[in-house]
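Peer 1: Below is final-v4.cif; it holds mmCIF, C-alpha atoms.
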```
data_work
#
loop_
_atom_site.label_atom_id
_atom_site.label_comp_id
_atom_site.auth_asym_id
_atom_site.auth_seq_id
_atom_site.Cartn_x
_atom_site.Cartn_y
_atom_site.Cartn_z
CA MET R 298 -9.03 17.58 -184.57
CA SER R 299 -11.27 15.37 -182.47
CA GLN R 300 -13.95 16.57 -180.09
CA PRO R 301 -12.90 16.87 -176.46
CA THR R 302 -14.11 14.22 -174.04
CA ILE R 303 -16.19 15.48 -171.16
CA ILE R 304 -14.67 14.08 -167.97
CA LEU R 305 -17.04 15.84 -165.56
CA HIS R 306 -20.39 17.42 -166.43
CA PRO R 307 -21.50 20.60 -164.62
CA GLU R 308 -23.57 18.69 -162.04
CA GLN R 309 -20.63 16.40 -161.29
CA VAL R 310 -18.32 19.41 -160.90
CA LYS R 311 -20.79 20.94 -158.43
CA GLN R 312 -20.64 17.73 -156.40
CA LYS R 313 -16.81 17.73 -156.47
CA ILE R 314 -16.68 21.37 -155.34
CA ARG R 315 -19.14 20.63 -152.53
CA ARG R 316 -17.03 17.64 -151.44
CA LEU R 317 -13.88 19.80 -151.53
CA ALA R 318 -15.63 22.36 -149.32
CA PHE R 319 -16.52 19.66 -146.81
CA GLN R 320 -12.93 18.35 -146.83
CA ILE R 321 -11.53 21.83 -146.22
CA TRP R 322 -14.03 22.39 -143.40
CA GLU R 323 -13.26 19.00 -141.81
CA ALA R 324 -9.52 19.73 -141.88
CA ASN R 325 -10.08 23.19 -140.39
CA PHE R 326 -13.26 22.78 -138.31
CA ASP R 327 -11.73 24.54 -135.31
CA GLU R 328 -10.82 27.69 -137.25
CA LYS R 329 -12.72 30.96 -137.20
CA ARG R 330 -11.55 32.13 -140.63
CA ILE R 331 -9.96 30.78 -143.79
CA LEU R 332 -8.40 32.56 -146.76
CA LEU R 333 -8.93 30.96 -150.16
CA ALA R 334 -6.27 32.32 -152.53
CA GLY R 335 -7.17 31.44 -156.10
CA VAL R 336 -4.65 31.39 -158.93
CA LYS R 337 -6.02 33.74 -161.59
CA ASN R 338 -8.23 33.08 -163.55
CA ARG R 339 -9.85 29.67 -163.20
CA GLY R 340 -8.33 29.01 -159.77
CA LEU R 341 -9.91 32.24 -158.54
CA GLN R 342 -13.27 31.25 -160.03
CA LEU R 343 -13.00 27.89 -158.29
CA ALA R 344 -12.06 29.61 -155.00
CA GLU R 345 -15.21 31.72 -155.22
CA LEU R 346 -17.37 28.62 -155.75
CA LEU R 347 -15.66 26.86 -152.85
CA ALA R 348 -16.16 29.91 -150.63
CA ALA R 349 -19.90 29.92 -151.33
CA ASP R 350 -20.19 26.27 -150.30
CA LEU R 351 -17.96 26.74 -147.25
CA ARG R 352 -20.07 29.66 -146.06
CA GLU R 353 -23.22 27.60 -146.52
CA ILE R 354 -22.04 24.50 -144.63
CA SER R 355 -19.88 26.00 -141.87
CA GLY R 356 -19.72 28.91 -139.50
CA ILE R 357 -16.24 29.80 -140.69
CA GLU R 358 -15.56 33.28 -142.06
CA VAL R 359 -14.23 32.74 -145.60
CA ALA R 360 -12.26 35.37 -147.48
CA VAL R 361 -11.24 35.05 -151.14
CA THR R 362 -8.30 36.68 -152.86
CA PHE R 363 -6.31 36.23 -156.04
CA ILE R 364 -2.77 35.16 -156.83
CA ARG R 365 -1.51 36.65 -160.08
CA LEU R 366 1.50 35.06 -161.74
CA ASN R 367 2.84 34.41 -165.20
CA LYS R 368 2.35 30.66 -165.57
CA ASP R 369 4.76 30.55 -168.52
CA ASN R 370 7.54 32.44 -166.76
CA PRO R 371 6.94 32.61 -163.00
CA VAL R 372 10.61 33.10 -162.15
CA PHE R 373 11.13 36.54 -163.66
CA ASP R 374 7.70 38.14 -163.38
CA GLU R 375 6.32 39.47 -160.11
CA ILE R 376 3.83 37.28 -158.26
CA THR R 377 1.14 39.31 -156.51
CA THR R 378 -1.83 38.64 -154.29
CA GLY R 379 -4.83 40.75 -153.29
CA VAL R 380 -4.06 40.57 -149.55
CA ASN R 381 -1.17 41.26 -147.25
CA PRO R 382 0.00 37.72 -146.38
CA ALA R 383 1.07 38.90 -142.92
CA ASP R 384 -2.58 39.59 -142.07
CA TRP R 385 -3.21 35.83 -142.20
CA LYS R 386 -0.20 34.55 -140.28
CA GLU R 387 -2.40 33.34 -137.41
CA GLY R 388 -4.84 31.68 -139.77
CA VAL R 389 -5.31 29.16 -142.51
CA VAL R 390 -4.51 29.84 -146.16
CA VAL R 391 -5.70 27.49 -148.90
CA VAL R 392 -4.15 28.07 -152.33
CA VAL R 393 -6.69 27.05 -155.00
CA ASP R 394 -6.15 26.18 -158.66
CA ASP R 395 -8.14 24.36 -161.29
CA VAL R 396 -5.65 21.71 -162.50
CA ALA R 397 -2.40 20.53 -160.92
CA HIS R 398 -0.17 19.16 -163.66
CA THR R 399 3.57 19.41 -163.01
CA GLY R 400 3.24 21.33 -159.75
CA ARG R 401 5.16 24.35 -161.06
CA THR R 402 2.29 26.84 -160.97
CA LEU R 403 1.33 25.78 -157.45
CA LEU R 404 4.93 25.97 -156.26
CA TYR R 405 5.23 29.57 -157.42
CA ALA R 406 1.70 30.41 -156.21
CA LEU R 407 2.90 29.59 -152.68
CA LYS R 408 5.73 32.14 -152.93
CA PRO R 409 3.81 35.19 -151.59
CA PHE R 410 2.95 33.17 -148.49
CA MET R 411 6.43 31.86 -147.76
CA GLY R 412 7.46 34.86 -145.64
CA GLU R 413 5.10 34.03 -142.76
CA LEU R 414 4.35 31.10 -140.49
CA TYR R 415 0.70 30.05 -140.78
CA LYS R 416 -1.35 27.60 -138.76
CA ARG R 417 -1.82 25.78 -142.04
CA LEU R 418 -0.91 26.45 -145.65
CA GLN R 419 -2.85 24.04 -147.84
CA ILE R 420 -3.56 23.40 -151.52
CA ALA R 421 -6.89 22.54 -153.18
CA VAL R 422 -7.38 21.67 -156.86
CA LEU R 423 -10.33 20.47 -158.88
CA VAL R 424 -8.23 18.05 -160.97
CA ASP R 425 -4.89 16.55 -159.96
CA ARG R 426 -2.80 14.97 -162.71
CA ALA R 427 -0.03 12.50 -162.00
CA HIS R 428 2.82 14.27 -163.81
CA LYS R 429 4.58 16.08 -160.98
CA THR R 430 8.04 17.42 -161.71
CA TYR R 431 7.95 19.76 -158.70
CA PRO R 432 7.50 18.59 -155.09
CA VAL R 433 3.98 19.98 -154.67
CA HIS R 434 0.92 17.88 -153.96
CA ALA R 435 -2.65 18.92 -153.28
CA ASP R 436 -4.13 18.45 -149.82
CA PHE R 437 -7.62 18.47 -151.32
CA MET R 438 -8.56 17.32 -154.83
CA GLY R 439 -11.84 16.82 -156.58
CA LEU R 440 -10.54 14.25 -159.07
CA SER R 441 -7.23 12.48 -159.56
CA LEU R 442 -6.81 11.84 -163.27
CA ALA R 443 -4.22 9.60 -164.93
CA THR R 444 -3.48 10.97 -168.39
CA THR R 445 -0.66 10.99 -170.89
CA LEU R 446 1.67 13.98 -171.10
CA GLN R 447 0.10 14.86 -174.46
CA ASP R 448 -3.43 15.09 -173.02
CA ASN R 449 -4.75 18.52 -172.12
CA VAL R 450 -7.21 18.83 -169.24
CA GLN R 451 -9.28 21.99 -169.49
CA ILE R 452 -11.78 23.49 -167.07
CA GLU R 453 -14.55 25.48 -168.76
CA PHE R 454 -16.70 28.02 -166.92
CA ASP R 455 -19.80 29.09 -168.84
CA GLU R 456 -23.47 29.92 -168.33
CA ASN R 457 -24.30 26.21 -167.87
CA GLY R 458 -21.76 25.78 -165.06
CA VAL R 459 -18.31 24.27 -164.94
CA GLN R 460 -17.15 21.21 -166.83
CA VAL R 461 -13.89 19.32 -167.16
CA LEU R 462 -12.72 18.41 -170.66
CA LEU R 463 -9.92 16.20 -171.94
CA HIS R 464 -8.36 17.15 -175.29
#
```
Would you mind writing the structure in this file as structure tokens?

Peer 2:
Amino acid sequence: MSQPTIILHPEQVKQKIRRLAFQIWEANFDEKRILLAGVKNRGLQLAELLAADLREISGIEVAVTFIRLNKDNPVFDEITTGVNPADWKEGVVVVVDDVAHTGRTLLYALKPFMGELYKRLQIAVLVDRAHKTYPVHADFMGLSLATTLQDNVQIEFDENGVQVLLH
């Protein structure tokens, strides 16, 4: 098996996350608070990194929570979140994941928030792939990547930072 290709090195990922934070702030500059809801596990890790940058660059109160779902079988397993979605109905919710591939995970990640009317319900991803089979598109993306269906994009979090790999 061949070595994975590094698409983004840790320093480049930091820059992408910073740019995503600025985009989220620009789209929501008039808000007092934002909820970043990260899809467990890597989406939550990304949400925490985004929150740190958002807090640094803006005066917006940023909360982070998780969305837990079975990515292989989201229809039959319960989808949970660490907050009561009704507590955010007057605010902005940004669902965060690492890679958007077919759109299925993001579609089901939105489910806990579908029972309320929000000012804005947005999606942010680090990498957006062009293989959508579900009608879900990211409002904010760090990198749009054209790949084949056989390619696997992987986000790695380690002690050196975050990097994006293509297998």

Peer 1: Choose the residue, out of R:Ser299, R:Gln419, R:Asn367, R:Thr430, that has the smallest atom-to-atom separation from Leu332 of chain R; count all atoms listed in the file.

Peer 2: R:Gln419

Peer 1: Apply the PyMOL selection byres ((chain R and resi 397) around 10) to the file shown and report the selected residues as a short mmCIF file (atom, residue, chain, number, x, y, z; two decimals) with C-alpha atoms, in the coordinates of the input.

Peer 2:
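Okay, this is what ended up in expr.cif:
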```cif
data_model
loop_
_atom_site.label_atom_id
_atom_site.label_comp_id
_atom_site.auth_asym_id
_atom_site.auth_seq_id
_atom_site.Cartn_x
_atom_site.Cartn_y
_atom_site.Cartn_z
CA VAL R 393 -6.69 27.05 -155.00
CA ASP R 394 -6.15 26.18 -158.66
CA ASP R 395 -8.14 24.36 -161.29
CA VAL R 396 -5.65 21.71 -162.50
CA HIS R 398 -0.17 19.16 -163.66
CA THR R 399 3.57 19.41 -163.01
CA GLY R 400 3.24 21.33 -159.75
CA ARG R 401 5.16 24.35 -161.06
CA THR R 402 2.29 26.84 -160.97
CA LEU R 403 1.33 25.78 -157.45
CA ILE R 420 -3.56 23.40 -151.52
CA ALA R 421 -6.89 22.54 -153.18
CA VAL R 422 -7.38 21.67 -156.86
CA LEU R 423 -10.33 20.47 -158.88
CA VAL R 424 -8.23 18.05 -160.97
CA ASP R 425 -4.89 16.55 -159.96
CA ARG R 426 -2.80 14.97 -162.71
CA ALA R 427 -0.03 12.50 -162.00
CA HIS R 428 2.82 14.27 -163.81
CA LYS R 429 4.58 16.08 -160.98
CA VAL R 433 3.98 19.98 -154.67
CA HIS R 434 0.92 17.88 -153.96
CA ALA R 435 -2.65 18.92 -153.28
CA MET R 438 -8.56 17.32 -154.83
CA SER R 441 -7.23 12.48 -159.56
CA VAL R 450 -7.21 18.83 -169.24
#
```

Peer 1: Give me the residues within 6 Å of Gln460 of chain R as a list in words, counting all atoms listed in the file and dropping any in the same chain fewer than 4 places off.

Peer 2: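 The filter keeps Leu305, His306, Pro307, Ile452 and Glu453 of chain R.
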
Peer 1: Go through the shown structure with the PyMOL selection byres ((chain R and resi 355) around 10) and write out the matching residues as a PyMOL selection string.

Peer 2: chain R and resi 318-319+322-323+326+329+350-354+356-359

Peer 1: Could you take the residues named above and write them with C-alpha atoms, as a compact mmCIF listing (two decimals), in the frame of the given file?

Peer 2:
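To be explicit, this is the file written out as out-v9.txt:
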```txt
# COMPACT_ATOMS: atom_id res chain seq x y z
CA ALA R 318 -15.63 22.36 -149.32
CA PHE R 319 -16.52 19.66 -146.81
CA TRP R 322 -14.03 22.39 -143.40
CA GLU R 323 -13.26 19.00 -141.81
CA PHE R 326 -13.26 22.78 -138.31
CA LYS R 329 -12.72 30.96 -137.20
CA ASP R 350 -20.19 26.27 -150.30
CA LEU R 351 -17.96 26.74 -147.25
CA ARG R 352 -20.07 29.66 -146.06
CA GLU R 353 -23.22 27.60 -146.52
CA ILE R 354 -22.04 24.50 -144.63
CA GLY R 356 -19.72 28.91 -139.50
CA ILE R 357 -16.24 29.80 -140.69
CA GLU R 358 -15.56 33.28 -142.06
CA VAL R 359 -14.23 32.74 -145.60
```

Peer 1: Translate the PyMOL selection byres ((chain R and resi 414) around 10), as applied to the file shown, into an explicit residue set as a PyMOL selection string.

Peer 2: chain R and resi 382-383+385-388+410-413+415-418

Peer 1: Do you have the atom CA of Leu341 of chain R-atom CA of Val361 of chain R distance handy?

Peer 2: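 Between these atoms lies a distance of 8.0 Å.
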
Peer 1: Rank R:Leu343, R:Asp384, R:Ile304, R:Val390 by their smallest atom-to-atom distance to Asp436 of chain R, using only C-alpha atoms, and report the top residue only.

Peer 2: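 Looking at the shortest contact to Asp436 of chain R, the residue is R:Val390.
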
Peer 1: For Thr377 of chain R, list every protein, DNA or RNA residue within 8 Å, evaluated using only C-alpha atoms, and leave out those in the same chain fewer than 5 positions away; present the list as a PyMOL selection string.

Peer 2: chain R and resi 364-366+409

Peer 1: Determine the nearest neighbour of Leu442 of chain R from the options R:Gln309, R:Val391, R:Gly458, R:Leu463, counting all atoms listed in the file.

Peer 2: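 Among the listed residues, the smallest separation from Leu442 of chain R belongs to R:Leu463.
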
Peer 1: Do you have the atom CA of Gln300 of chain R-atom CA of Asn449 of chain R distance handy?

Peer 2: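 If I compute the distance from atom CA of Gln300 of chain R to atom CA of Asn449 of chain R, I get 12.3 Å.
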
Peer 1: Looking at R:Ile321, R:Ala349, R:Thr378, R:Ile314, which one is nearest to Val336 of chain R, with distances taken over all atoms listed in the file?

Peer 2: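 Once distances to Val336 of chain R are computed over all atoms listed in the file, the minimum belongs to R:Thr378.
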
Peer 1: Name all residues at most 9 Å from Thr302 of chain R (count all atoms listed in the file; drop same-chain ones fewer than 4 positions away) and give them as a CSV table (one decimal) with C-alpha atoms, in the frame of the given file.

Peer 2:
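Ended up saving to result20.csv:
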```csv
chain,number,residue,atom,x,y,z
R,461,VAL,CA,-13.9,19.3,-167.2
R,462,LEU,CA,-12.7,18.4,-170.7
R,463,LEU,CA,-9.9,16.2,-171.9
R,464,HIS,CA,-8.4,17.2,-175.3
```

Peer 1: Report, in Å with one decimal, the straight-line distance from atom CA of Lys408 of chain R to atom CA of Asp369 of chain R.

Peer 2: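 Between these atoms lies a distance of 15.7 Å.
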
Peer 1: Considering all atoms listed in the file, can you say which of R:Leu440, R:Leu333, R:Phe454, R:Thr362 comes closest to Asn381 of chain R?

Peer 2: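 Of all the options, R:Thr362 lies closest to Asn381 of chain R.
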
Peer 1: Which is closest to Ile376 of chain R among R:Val310, R:Val389, R:Leu407, R:Ala344, if we use all atoms listed in the file?

Peer 2: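 For Ile376 of chain R, the nearest of the candidates is R:Leu407.
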